[in-house]
file coords-v1.cif (mmCIF, C-alpha atoms and all ligand atoms)
data_input
#
loop_
_atom_site.label_atom_id
_atom_site.label_comp_id
_atom_site.auth_asym_id
_atom_site.auth_seq_id
_atom_site.Cartn_x
_atom_site.Cartn_y
_atom_site.Cartn_z
CA MET Y 1 101.55 107.42 96.76
CA THR Y 2 99.60 109.71 99.09
CA ALA Y 3 101.98 112.27 100.52
CA ASN Y 4 99.65 113.45 103.26
CA ARG Y 5 99.40 110.12 105.07
CA SER Y 6 102.26 109.64 107.52
CA ALA Y 7 104.56 106.81 106.52
CA LEU Y 8 105.15 103.77 108.72
CA LEU Y 9 108.61 103.30 107.22
CA SER Y 10 110.58 106.25 105.90
CA VAL Y 11 113.96 105.81 104.19
CA GLN Y 12 115.70 109.07 103.32
CA HIS Y 13 118.87 109.54 101.26
CA VAL Y 14 120.47 106.32 102.41
CA HIS Y 15 123.97 105.38 101.24
CA LYS Y 16 125.97 102.20 101.84
CA ALA Y 17 129.32 101.32 100.28
CA PHE Y 18 131.42 98.15 100.54
CA GLY Y 19 134.96 99.33 99.92
CA GLY Y 20 134.73 101.35 96.74
CA ASN Y 21 131.46 99.70 95.69
CA GLN Y 22 128.47 102.01 96.25
CA ALA Y 23 125.91 99.26 96.82
CA VAL Y 24 123.14 101.70 97.83
CA ASN Y 25 123.35 105.22 96.46
CA ASP Y 26 120.98 107.91 97.78
CA VAL Y 27 117.89 105.72 98.09
CA SER Y 28 114.68 107.26 99.48
CA PHE Y 29 111.22 105.74 99.76
CA GLN Y 30 108.25 105.46 102.08
CA LEU Y 31 105.91 102.66 103.03
CA GLN Y 32 102.41 103.00 104.53
CA ALA Y 33 100.53 100.62 106.79
CA GLY Y 34 98.52 98.14 104.73
CA GLU Y 35 100.72 98.58 101.67
CA LEU Y 36 102.55 95.85 99.77
CA LEU Y 37 105.71 97.38 98.33
CA ALA Y 38 107.97 95.40 96.00
CA LEU Y 39 111.66 96.22 95.58
CA ILE Y 40 112.82 94.75 92.29
CA GLY Y 41 115.93 94.90 90.14
CA PRO Y 42 118.52 92.62 88.60
CA ASN Y 43 121.09 90.76 90.68
CA GLY Y 44 123.60 93.11 92.25
CA ALA Y 45 121.19 96.08 92.07
CA GLY Y 46 121.38 96.64 95.84
CA LYS Y 47 118.05 95.12 96.93
CA SER Y 48 119.41 92.92 99.71
CA THR Y 49 121.68 95.70 100.95
CA THR Y 50 118.69 98.06 101.14
CA PHE Y 51 116.70 95.32 102.85
CA ASN Y 52 119.48 94.67 105.38
CA LEU Y 53 119.74 98.39 106.12
CA VAL Y 54 116.04 98.40 106.98
CA ASN Y 55 116.13 95.19 109.04
CA GLY Y 56 119.10 96.27 111.15
CA GLN Y 57 121.71 93.85 109.78
CA LEU Y 58 123.60 96.78 108.24
CA THR Y 59 124.03 100.41 109.32
CA PRO Y 60 123.84 103.12 106.64
CA ASP Y 61 126.92 105.25 105.94
CA SER Y 62 124.56 108.22 105.78
CA GLY Y 63 120.86 108.95 105.52
CA SER Y 64 117.98 108.13 107.85
CA ILE Y 65 115.59 105.23 108.34
CA SER Y 66 112.62 105.63 110.64
CA PHE Y 67 109.80 103.36 111.73
CA ASP Y 68 106.66 105.11 112.97
CA GLY Y 69 108.71 108.28 113.42
CA VAL Y 70 111.46 106.58 115.46
CA SER Y 71 114.98 106.22 114.04
CA MET Y 72 115.78 102.56 113.46
CA ALA Y 73 119.12 102.84 111.64
CA GLY Y 74 121.70 100.70 113.41
CA ARG Y 75 119.26 99.00 115.77
CA PRO Y 76 119.91 95.25 115.78
CA PRO Y 77 117.30 92.87 114.30
CA HIS Y 78 116.13 91.56 117.71
CA ALA Y 79 115.42 95.12 118.88
CA LEU Y 80 113.42 95.75 115.69
CA TRP Y 81 111.53 92.47 116.17
CA HIS Y 82 110.37 93.75 119.56
CA MET Y 83 109.31 97.04 117.91
CA GLY Y 84 107.06 95.04 115.56
CA VAL Y 85 109.36 94.51 112.59
CA SER Y 86 109.53 90.91 111.31
CA ARG Y 87 111.47 89.42 108.44
CA THR Y 88 111.74 86.28 106.42
CA PHE Y 89 114.90 85.14 104.75
CA GLN Y 90 115.92 84.25 101.22
CA ILE Y 91 116.92 80.86 102.63
CA ALA Y 92 114.13 79.74 104.93
CA GLN Y 93 115.20 79.35 108.56
CA THR Y 94 113.35 76.92 110.77
CA PHE Y 95 114.26 74.36 113.41
CA GLY Y 96 114.09 71.13 111.39
CA SER Y 97 114.00 68.84 114.41
CA LEU Y 98 110.89 70.49 115.87
CA THR Y 99 107.35 70.03 114.65
CA VAL Y 100 105.72 72.68 112.49
CA ALA Y 101 103.62 73.93 115.42
CA GLU Y 102 106.61 73.97 117.77
CA ASN Y 103 108.49 76.22 115.37
CA VAL Y 104 105.68 78.76 115.61
CA GLN Y 105 105.54 78.27 119.37
CA MET Y 106 109.27 79.08 119.56
CA ALA Y 107 108.59 82.30 117.65
CA LEU Y 108 105.71 83.09 120.05
CA LEU Y 109 108.04 82.50 123.02
CA SER Y 110 110.52 84.92 121.50
CA ALA Y 111 107.81 87.47 120.72
CA ASP Y 112 106.77 87.30 124.38
CA GLY Y 113 110.34 88.06 125.47
CA HIS Y 114 111.42 84.59 126.60
CA ALA Y 115 114.92 83.29 125.93
CA LEU Y 116 115.17 80.66 123.21
CA SER Y 117 117.18 77.53 122.84
CA PRO Y 118 116.54 75.29 119.86
CA TRP Y 119 116.89 72.05 121.85
CA GLN Y 120 114.18 73.14 124.29
CA ARG Y 121 110.70 72.19 123.11
CA ALA Y 122 107.76 74.55 123.41
CA THR Y 123 105.10 71.87 123.00
CA HIS Y 124 102.51 73.45 125.28
CA TYR Y 125 103.24 77.15 124.87
CA ARG Y 126 100.32 79.08 123.27
CA ARG Y 127 99.47 76.02 121.21
CA ALA Y 128 96.09 77.36 120.06
CA ASP Y 129 97.64 80.62 118.87
CA ALA Y 130 100.29 78.69 116.97
CA LEU Y 131 97.66 76.56 115.25
CA GLU Y 132 95.67 79.70 114.37
CA LEU Y 133 98.77 81.24 112.76
CA LEU Y 134 99.36 78.01 110.85
CA ALA Y 135 95.76 78.08 109.63
CA GLN Y 136 96.36 81.61 108.31
CA VAL Y 137 99.22 80.38 106.13
CA GLN Y 138 97.25 77.28 105.10
CA LEU Y 139 99.33 74.84 107.14
CA GLY Y 140 96.54 74.16 109.61
CA SER Y 141 96.62 70.40 109.15
CA GLN Y 142 100.41 70.06 109.38
CA GLY Y 143 101.13 71.25 112.93
CA SER Y 144 102.28 67.86 114.24
CA GLN Y 145 104.61 67.04 111.35
CA PRO Y 146 108.35 67.43 111.79
CA SER Y 147 109.18 70.65 109.95
CA ASN Y 148 111.98 68.96 108.02
CA ALA Y 149 109.30 66.84 106.31
CA LEU Y 150 107.69 69.90 104.69
CA SER Y 151 108.04 70.75 101.02
CA TYR Y 152 110.09 73.87 100.24
CA GLY Y 153 107.00 75.94 99.52
CA ASP Y 154 105.47 74.89 102.84
CA VAL Y 155 108.68 75.78 104.70
CA LYS Y 156 108.27 79.30 103.29
CA ARG Y 157 104.69 79.36 104.61
CA LEU Y 158 105.92 78.19 108.01
CA GLU Y 159 108.54 80.91 108.00
CA LEU Y 160 105.79 83.42 107.27
CA ALA Y 161 103.72 82.12 110.21
CA MET Y 162 106.80 82.52 112.44
CA ALA Y 163 107.30 86.07 111.19
CA LEU Y 164 103.66 86.82 112.08
CA ALA Y 165 104.12 85.54 115.66
CA ASN Y 166 105.04 88.97 117.01
CA ALA Y 167 102.01 90.59 115.34
CA PRO Y 168 104.31 92.75 113.19
CA ARG Y 169 103.37 96.14 111.81
CA LEU Y 170 106.12 95.84 109.23
CA LEU Y 171 107.06 92.60 107.50
CA LEU Y 172 110.29 92.40 105.48
CA MET Y 173 110.71 89.55 103.00
CA ASP Y 174 113.97 89.13 101.06
CA GLU Y 175 113.24 87.23 97.84
CA PRO Y 176 110.50 85.19 99.53
CA THR Y 177 109.86 83.25 96.32
CA ALA Y 178 113.52 82.33 95.63
CA GLY Y 179 113.82 78.66 94.76
CA MET Y 180 110.07 78.18 94.34
CA ALA Y 181 108.22 76.81 91.34
CA PRO Y 182 106.18 79.46 89.43
CA ASP Y 183 102.81 78.35 90.83
CA ASP Y 184 104.14 78.38 94.39
CA ARG Y 185 105.58 81.86 93.84
CA LEU Y 186 102.24 83.29 92.84
CA ALA Y 187 100.47 81.42 95.65
CA LEU Y 188 102.89 82.83 98.25
CA MET Y 189 102.37 86.35 96.91
CA ALA Y 190 98.59 85.91 96.96
CA LEU Y 191 98.80 84.70 100.55
CA THR Y 192 100.99 87.67 101.50
CA ARG Y 193 98.47 89.98 99.82
CA ARG Y 194 95.62 88.49 101.89
CA LEU Y 195 97.62 88.90 105.12
CA VAL Y 196 98.31 92.55 104.26
CA ASN Y 197 94.61 93.14 103.72
CA GLN Y 198 93.49 91.27 106.83
CA ARG Y 199 96.11 92.60 109.23
CA GLY Y 200 96.88 96.04 107.82
CA VAL Y 201 100.56 95.11 108.02
CA ALA Y 202 103.05 96.90 105.75
CA VAL Y 203 105.20 94.62 103.61
CA LEU Y 204 108.47 95.31 101.83
CA PHE Y 205 109.58 92.40 99.71
CA THR Y 206 112.46 92.06 97.30
CA GLU Y 207 112.20 90.09 94.12
CA HIS Y 208 114.36 89.92 91.02
CA SER Y 209 111.65 89.01 88.54
CA MET Y 210 108.78 91.31 87.65
CA ASP Y 211 106.02 88.79 86.95
CA VAL Y 212 105.65 87.90 90.62
CA VAL Y 213 104.97 91.50 91.59
CA PHE Y 214 102.54 92.56 88.87
CA GLU Y 215 99.40 91.11 90.29
CA HIS Y 216 99.83 91.72 93.99
CA ALA Y 217 102.10 94.69 94.73
CA ASP Y 218 100.51 98.08 95.39
CA ARG Y 219 103.67 99.86 94.40
CA VAL Y 220 107.03 98.87 92.93
CA LEU Y 221 110.50 100.32 93.48
CA VAL Y 222 113.07 99.49 90.83
CA MET Y 223 116.79 99.53 91.63
CA ALA Y 224 119.74 99.21 89.29
CA ARG Y 225 123.42 99.62 90.19
CA GLY Y 226 122.64 100.89 93.68
CA ALA Y 227 120.16 103.59 92.68
CA LEU Y 228 116.39 103.79 92.60
CA ILE Y 229 115.61 104.23 88.91
CA ALA Y 230 111.79 104.18 89.04
CA GLN Y 231 108.84 103.83 91.39
CA GLY Y 232 105.12 103.61 90.86
CA THR Y 233 102.29 101.18 90.32
CA PRO Y 234 103.16 97.91 88.56
CA ALA Y 235 101.63 99.31 85.34
CA GLN Y 236 103.64 102.54 85.61
CA VAL Y 237 107.01 100.90 86.18
CA GLN Y 238 106.37 98.34 83.45
CA LYS Y 239 106.02 101.20 80.95
CA ASP Y 240 109.01 103.14 82.28
CA PRO Y 241 111.81 103.37 79.67
CA ALA Y 242 114.56 103.13 82.31
CA VAL Y 243 113.00 99.95 83.68
CA GLN Y 244 112.59 98.52 80.22
CA ALA Y 245 116.26 99.21 79.54
CA VAL Y 246 117.21 97.22 82.64
CA TYR Y 247 114.86 94.31 82.02
CA PHE Y 248 114.46 94.19 78.26
CA GLY Y 249 117.85 95.70 77.40
CA SER Y 250 119.39 92.45 78.54
CA GLY Y 251 117.43 90.63 75.86
CA LYS Y 252 115.42 88.75 78.44
CA MET Y 253 111.75 89.09 79.15
CA PHE Y 254 110.07 89.87 82.46
CA GLY Y 255 110.21 87.08 84.93
CA THR Y 256 113.43 85.45 83.84
CA ASN Y 257 116.34 85.00 86.18
CA HIS Y 258 119.28 87.31 86.66
CA PRO Y 259 118.76 89.63 83.68
CA SER Y 260 121.76 91.85 84.43
CA LYS Y 261 124.34 89.08 84.33
CA THR Y 262 123.68 88.07 80.76
CA GLY Y 263 124.37 90.09 77.67
CA PRO Y 264 121.92 90.60 74.81
CA GLN Y 265 120.66 87.33 73.45
CA PRO Y 266 120.63 86.61 69.73
P1 LIG Y 301 120.82 92.37 95.08
O1 LIG Y 301 120.21 91.89 96.34
O2 LIG Y 301 120.00 93.37 94.34
O3 LIG Y 301 121.23 91.23 94.20
P2 LIG Y 301 123.03 93.22 96.77
O4 LIG Y 301 122.46 94.26 97.67
O5 LIG Y 301 123.20 91.87 97.33
O6 LIG Y 301 122.18 93.16 95.43
O7 LIG Y 301 124.44 93.71 96.24
C1 LIG Y 301 124.68 95.01 95.74
C2 LIG Y 301 126.17 95.19 95.51
O8 LIG Y 301 126.86 95.20 96.75
C3 LIG Y 301 126.79 94.09 94.68
O9 LIG Y 301 127.80 94.65 93.88
C4 LIG Y 301 127.38 93.18 95.74
O10 LIG Y 301 128.49 92.47 95.22
C5 LIG Y 301 127.79 94.15 96.82
N1 LIG Y 301 127.73 93.59 98.17
C6 LIG Y 301 126.60 93.16 98.79
N2 LIG Y 301 126.88 92.73 100.04
C7 LIG Y 301 128.22 92.88 100.21
C8 LIG Y 301 129.12 92.62 101.29
N3 LIG Y 301 128.69 92.14 102.46
N4 LIG Y 301 130.43 92.91 101.10
C9 LIG Y 301 130.87 93.42 99.93
N5 LIG Y 301 130.08 93.69 98.87
C10 LIG Y 301 128.78 93.44 99.01
MG MG Y 302 119.58 89.94 97.01
#
call {"tool": "encode", "arguments": {"input": "coords-v1.cif", "output": "structure tokens", "more": "lines below"}}
Ligand code: ADP
Ligand code: MG
result
Amino acid sequence: MTANRSALLSVQHVHKAFGGNQAVNDVSFQLQAGELLALIGPNGAGKSTTFNLVNGQLTPDSGSISFDGVSMAGRPPHALWHMGVSRTFQIAQTFGSLTVAENVQMALLSADGHALSPWQRATHYRRADALELLAQVQLGSQGSQPSNALSYGDVKRLELAMALANAPRLLLMDEPTAGMAPDDRLALMALTRRLVNQRGVAVLFTEHSMDVVFEHADRVLVMARGALIAQGTPAQVQKDPAVQAVYFGSGKMFGTNHPSKTGPQP
């Protein structure tokens, strides 16, 4: 990490507890424009809580979160969206009754500050821009299909196109590859990598398996039990003894599901 470049996203000493459960414990990290940062760790490590603190769904108990030097802690997601912060969800969220293009057009309407209602169609609104966004996520030929006819992997691409509709400077993706087949996972990460390079957008994505992040992340943060236990390049964190204890100590190899929930395997 280069300390002398100013960070787009800066998270400093953030804490969040649920009752007596310290879900996020003194987490600090920075993210630069044009950087793809992976937040990994076993289930229950605190990834989604950290993610939801950054995207405005949760407010930290203490600590600071700033975007381009402006405090964003406690601002609701729609306010962050208008500041140029987009997110995708672990469970893809689209309007199934609309066409693929119309879903993107709805996101463009929202990005332009218009009120949304899912039963209203946006058939003519910025159609060319919507099709251009679809082309960027390799759905260029599917604009007229009903979105509920898409495969799961394509729904994730559509969701990505919708997240790009407000020309974000920061894109937040919570387990974007959850539920995807291995080839689709790697393809989605490769696509995200290309978008980072082309647009200079900063991306924070959470992921529980390590294999998905090796090839495409610039930097990896590793959480376990609420704390950040390592950060560095994929090669650095892979060699880190604390990371190995979390991933290999469970008896499971990189890339398998839910390593923390299972004990050592025979
Ligand atoms: P991850 O995304 O890494 O799997 P989470 O951030 O979802 O982990 O969860 C971290 C810890 O916080 C877990 O112990 C989880 O049970 C707890 N937790 C998460 N969200 C809530 C919530 N809304 N209410 C109570 N406990 C929660
Ligand atoms: Mg999670």
call {"tool": "residues_near_ligand", "arguments": {"input": "coords-v1.cif", "ligand": "ligand LIG 301 (chain Y)", "cutoff": "12 Å", "atoms": "all atoms listed in the file", "output": "ChimeraX atom specification"}}
result
/Y:15-25,39-53,57-59,90,173-175,178,205-209,221-228,257-261
call {"tool": "atom_distance", "arguments": {"input": "coords-v1.cif", "atom1": "atom CA of Gln238 of chain Y", "atom2": "atom CA of His216 of chain Y"}}
result
14.1 Å
call {"tool": "closest_residue", "arguments": {"input": "coords-v1.cif", "among": "Y:Gly96, Y:Gly249, Y:Pro176, Y:Pro234", "to": "ligand MG 302 (chain Y)", "atoms": "only C-alpha atoms and all ligand atoms"}}
result
Y:Pro176
call {"tool": "atom_distance", "arguments": {"input": "coords-v1.cif", "atom1": "atom CA of Leu160 of chain Y", "atom2": "atom CA of Thr233 of chain Y"}}
result
24.8 Å
call {"tool": "residues_near_point", "arguments": {"input": "coords-v1.cif", "point": "(108.0, 105.2, 113.5)", "cutoff": "8 Å", "atoms": "only C-alpha atoms", "output": "compact mmCIF listing (two decimals) with C-alpha atoms, in the coordinates of the input"}}
result
# COMPACT_ATOMS: atom_id res chain seq x y z
CA ALA Y 7 104.56 106.81 106.52
CA LEU Y 8 105.15 103.77 108.72
CA LEU Y 9 108.61 103.30 107.22
CA SER Y 66 112.62 105.63 110.64
CA PHE Y 67 109.80 103.36 111.73
CA ASP Y 68 106.66 105.11 112.97
CA GLY Y 69 108.71 108.28 113.42
CA VAL Y 70 111.46 106.58 115.46
CA SER Y 71 114.98 106.22 114.04
call {"tool": "atom_distance", "arguments": {"input": "coords-v1.cif", "atom1": "atom CA of Leu131 of chain Y", "atom2": "atom CA of Ala101 of chain Y"}}
result
6.5 Å
call {"tool": "closest_residue", "arguments": {"input": "coords-v1.cif", "among": "Y:Gln236, Y:Gln198, Y:Gln244, Y:Thr177", "to": "ligand MG 302 (chain Y)", "atoms": "all atoms listed in the file"}}
result
Y:Thr177
call {"tool": "closest_residue", "arguments": {"input": "coords-v1.cif", "among": "Y:Gln105, Y:Thr123, Y:Asn166, Y:Ser97", "to": "Asn148 of chain Y", "atoms": "all atoms listed in the file"}}
result
Y:Ser97
